[in-house]
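The structure under discussion appears below in the form of structure tokens.
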Amino acid sequence: MEQEARTSYDVAVVGAGPAGLTAALYAARAGLSVVVLEALMPGGQMGETGRIDNYPGFPEGVSGFDLTMQMQEQCTRFGVDFVNEGLVASDLAAAPKRLETASRTFEARAVIVATGTHSRKLGVPGEAEFAGRGVSYCATCDGNFFRGKTVVVVGGGNTAAADAIYLARICETVHLVHRRDRLRATAAEQHRIAAIDNVVFHLNKTVRTIEGDGGAVSGLVIEDVQTGATEDIPASAVFVAVGKVPNTDVFAGQLPLDEAGYVVADESGVTSVPGVFVAGDVRAKRLRQVATAVGDGANAAEVAAEWLAS
Ligand code: NAP
């Protein structure tokens with residue numbers, strides 16, 4: 001429910017992925033007034049995931065979209081306000097803290113940062129030119145456009161493995177290009193992918209260029225990291241899955257970050273900035289999953305409520 005009038009809250013949650021939605025739910029249930037600011041659709045990466053098999057309670061898996069809608073509905077039931085606008089500026093040191101969107105300035109006594117991450121770019125020729133015209137960063141969003149075609153997935157983590165598994169079900173052939181001699185995806189994902197016969201591995205290979213023809217991707221050129229030999233792979237799409245970059249630009253200079261740009265906090269999400277807490281993938285931590293994001297969100301709301309009461 002978008003509220004036009006109100007701009008002052010006990011807690012502002014920035015980001016409506018599983019961490020932000022859980023933080024909002026817990027804060028609202030603790031009796032605090034809560035607004036969630038989100039520039040895009042709620043759900044974050046969870047919302048874009050076709051089927052989530054490792055979130056407990058759903059023996060047949062659950063669609064990320066459905067899980068998002070249910071989490072948001074639960075928040076709304078406890079009085080959380082949602083504002084579909086991104087932050088353009090913030091002052092986290094002020095009291096109350098100030099959060100500016102394109103149309104309004106919100107004030108909050110505490111802020112929970114749950115802004116997640118965005119996809120890292122490869123930075124090769126053709127990538128930006130063909131973005132949205134065959135270059136994609138979301139297999140479950142765009143895979144269906146390439147049903148029955150030959151596609152490429154670049155990367156060696158869990159996202160690349162999950163993308164290749166998903167695309168292999170709907171595409172003729174999936175070429176998986178990774179710069180090392182082995183994937184870093186979990187053993188379970190590697191086991192699944194090894195059993196699929198229309199996934200072709202190109203290990204120890206990097207992407208040199210993404211090629212196009214008539215305004216759309218026609219293939220790519222890969223290069224062997226040891227020999228430098230190049231090879232053309234004709235393909236209709238390139239799904240880039242080479243990791244994530246934390247969304248912290250709007251808080252530049254205001255939060256303690258680690259060398260990769262993730263927000264440093266204790267395990268409950270307490271940062272060194274009084275009244276600012278962090279939850280989910282944007283936090284420096286080991287495992288980034290829906291299950292760990294919701295745990296982070298609950299903890300951050302709890303410590304925020306304690307801080308507000310102190
Ligand atoms: P990730 O684990 O960081 O893996 C990124 C991959 O991209 C790595 O294999 C990396 O290579 C490669 N890479 C990075 N920069 C590159 C470049 N410039 N050119 C070529 N390759 C490059 O990222 P992710 O797979 O997106 O996963 C992010 C987080 O979400 C992880 O914590 C992951 O476990 C989690 N996740 C979990 C699931 C699941 O459990 N089902 C699904 C999706 C994501 P190197 O191996 O050489 O570093």
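By order of appearance in the structure tokens: chains A, B, ..., then residues from 1 within every chain, and ligands from 1 in the order shown.
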### Message
ligand 1: which residues are within 8 Å, counting only C-alpha atoms and all ligand atoms? Reply as an MDAnalysis selection string.
### Response
chainID A and resid 52:54 119:123 154:162 178:180 182:186 189 206:207 241:244 286:289
Keeping N, CA and C atoms for every residue in the selection just given, could you write it to a file as a compact mmCIF listing (two decimals), in the first residue's frame?
```txt
# COMPACT_ATOMS: atom_id res chain seq x y z
N ILE A 52 12.59 -21.93 -6.02
CA ILE A 52 13.54 -21.97 -4.90
C ILE A 52 13.32 -23.31 -4.19
N ASP A 53 14.38 -24.11 -4.17
CA ASP A 53 14.28 -25.46 -3.61
C ASP A 53 14.93 -25.57 -2.24
N ASN A 54 15.63 -24.51 -1.81
CA ASN A 54 16.39 -24.67 -0.56
C ASN A 54 15.89 -23.73 0.53
N SER A 119 24.03 -7.32 -10.60
CA SER A 119 24.89 -8.22 -11.38
C SER A 119 26.17 -7.52 -11.82
N ARG A 120 27.29 -8.22 -11.67
CA ARG A 120 28.56 -7.70 -12.19
C ARG A 120 28.56 -7.84 -13.72
N LYS A 121 29.17 -6.86 -14.37
CA LYS A 121 29.27 -6.90 -15.84
C LYS A 121 30.60 -7.57 -16.23
N LEU A 122 30.61 -8.15 -17.42
CA LEU A 122 31.86 -8.74 -17.93
C LEU A 122 32.83 -7.66 -18.39
N GLY A 123 32.27 -6.59 -18.94
CA GLY A 123 33.12 -5.50 -19.44
C GLY A 123 33.81 -5.83 -20.74
N VAL A 154 27.80 -17.56 -18.85
CA VAL A 154 29.18 -17.25 -18.45
C VAL A 154 29.23 -17.18 -16.93
N GLY A 155 30.18 -17.93 -16.33
CA GLY A 155 30.34 -17.89 -14.88
C GLY A 155 30.51 -19.29 -14.33
N GLY A 156 30.94 -19.37 -13.05
CA GLY A 156 31.19 -20.69 -12.48
C GLY A 156 30.60 -20.86 -11.09
N GLY A 157 29.77 -19.91 -10.65
CA GLY A 157 29.18 -19.99 -9.31
C GLY A 157 27.81 -20.65 -9.34
N ASN A 158 27.12 -20.53 -8.22
CA ASN A 158 25.79 -21.16 -8.11
C ASN A 158 24.80 -20.56 -9.09
N THR A 159 24.92 -19.26 -9.36
CA THR A 159 23.98 -18.64 -10.29
C THR A 159 24.19 -19.21 -11.69
N ALA A 160 25.45 -19.29 -12.13
CA ALA A 160 25.73 -19.83 -13.46
C ALA A 160 25.24 -21.27 -13.56
N ALA A 161 25.49 -22.06 -12.53
CA ALA A 161 25.06 -23.46 -12.57
C ALA A 161 23.53 -23.54 -12.62
N ALA A 162 22.86 -22.77 -11.76
CA ALA A 162 21.39 -22.80 -11.74
C ALA A 162 20.83 -22.31 -13.07
N HIS A 178 33.55 -20.82 -18.42
CA HIS A 178 34.07 -20.43 -17.11
C HIS A 178 35.59 -20.27 -17.18
N ARG A 179 36.10 -19.29 -16.46
CA ARG A 179 37.52 -18.94 -16.60
C ARG A 179 38.47 -19.89 -15.87
N ARG A 180 37.93 -20.78 -15.03
CA ARG A 180 38.80 -21.73 -14.30
C ARG A 180 38.59 -23.16 -14.79
N ARG A 182 37.46 -25.53 -12.92
CA ARG A 182 36.31 -26.14 -12.23
C ARG A 182 35.35 -25.05 -11.78
N LEU A 183 34.09 -25.48 -11.58
CA LEU A 183 33.08 -24.52 -11.11
C LEU A 183 33.27 -24.31 -9.61
N ARG A 184 32.77 -23.18 -9.11
CA ARG A 184 32.76 -22.98 -7.66
C ARG A 184 31.35 -23.20 -7.08
N ALA A 185 30.43 -23.64 -7.92
CA ALA A 185 29.08 -23.93 -7.45
C ALA A 185 29.11 -25.09 -6.46
N THR A 186 28.05 -25.22 -5.65
CA THR A 186 28.00 -26.29 -4.65
C THR A 186 28.06 -27.67 -5.32
N GLU A 189 24.82 -28.73 -7.01
CA GLU A 189 24.58 -28.13 -8.33
C GLU A 189 25.49 -28.76 -9.38
N THR A 206 37.83 -17.46 -21.27
CA THR A 206 37.20 -16.17 -20.98
C THR A 206 36.49 -15.68 -22.24
N VAL A 207 35.61 -14.71 -22.04
CA VAL A 207 34.90 -14.13 -23.19
C VAL A 207 35.73 -12.97 -23.71
N ALA A 241 26.60 -14.47 -15.66
CA ALA A 241 26.36 -14.81 -14.24
C ALA A 241 27.71 -14.84 -13.53
N VAL A 242 28.37 -13.69 -13.51
CA VAL A 242 29.74 -13.63 -12.96
C VAL A 242 29.78 -12.92 -11.61
N GLY A 243 28.73 -13.08 -10.85
CA GLY A 243 28.76 -12.56 -9.50
C GLY A 243 28.01 -11.25 -9.33
N LYS A 244 28.10 -10.76 -8.13
CA LYS A 244 27.29 -9.62 -7.72
C LYS A 244 28.15 -8.50 -7.17
N ARG A 286 29.28 -14.84 4.89
CA ARG A 286 29.70 -15.97 4.07
C ARG A 286 28.63 -16.45 3.11
N LEU A 287 27.43 -16.70 3.61
CA LEU A 287 26.43 -17.39 2.78
C LEU A 287 25.27 -16.46 2.45
N ARG A 288 25.03 -16.28 1.17
CA ARG A 288 23.96 -15.38 0.72
C ARG A 288 22.83 -16.21 0.12
N GLN A 289 21.79 -16.40 0.90
CA GLN A 289 20.66 -17.24 0.53
C GLN A 289 19.39 -16.57 1.06
```
### Contacts of segment 173-177 of chain A within 9 Å, only C-alpha atoms, excl. fewer than 4 positions in-chain, as a list of chain:residue names
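The filter keeps A:Gly148, A:Lys149, A:Thr150, A:Val151, A:Val152, A:Val153, A:Val154, A:Gly155, A:Gly156, A:Ala160, A:Ala161, A:Ala164, A:Ile165, A:Leu167, A:Ala168, A:Asp197, A:Asn198, A:Val199, A:Val200, A:Phe201, A:His202, A:Leu203, A:Asn204, A:Lys205, A:Thr206, A:Val207, A:Ile222, A:Ile233, A:Ala235.
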### Message
DSSP on the backbone, strand (DSSP E or B) only: what residues of segment 84-265 of chain A does that give? Format it as number ranges by chain.
### Response
A: 87-91, 97-101, 105-113, 117-119, 131, 135-136, 150-154, 173-178, 199-203, 205-213, 216-224, 230-234, 237-240, 244-246, 257, 263
### Task
Provide the atom CA of Val276 of chain A to atom CA of Leu255 of chain A distance in Å, to one decimal place.
8.8 Å
### Close residues, Ser33 of chain A itself excluded, 9 Å, only C-alpha atoms, min 4 positions apart in chain, as number ranges by chain
A: 8-12, 27-28, 79-81
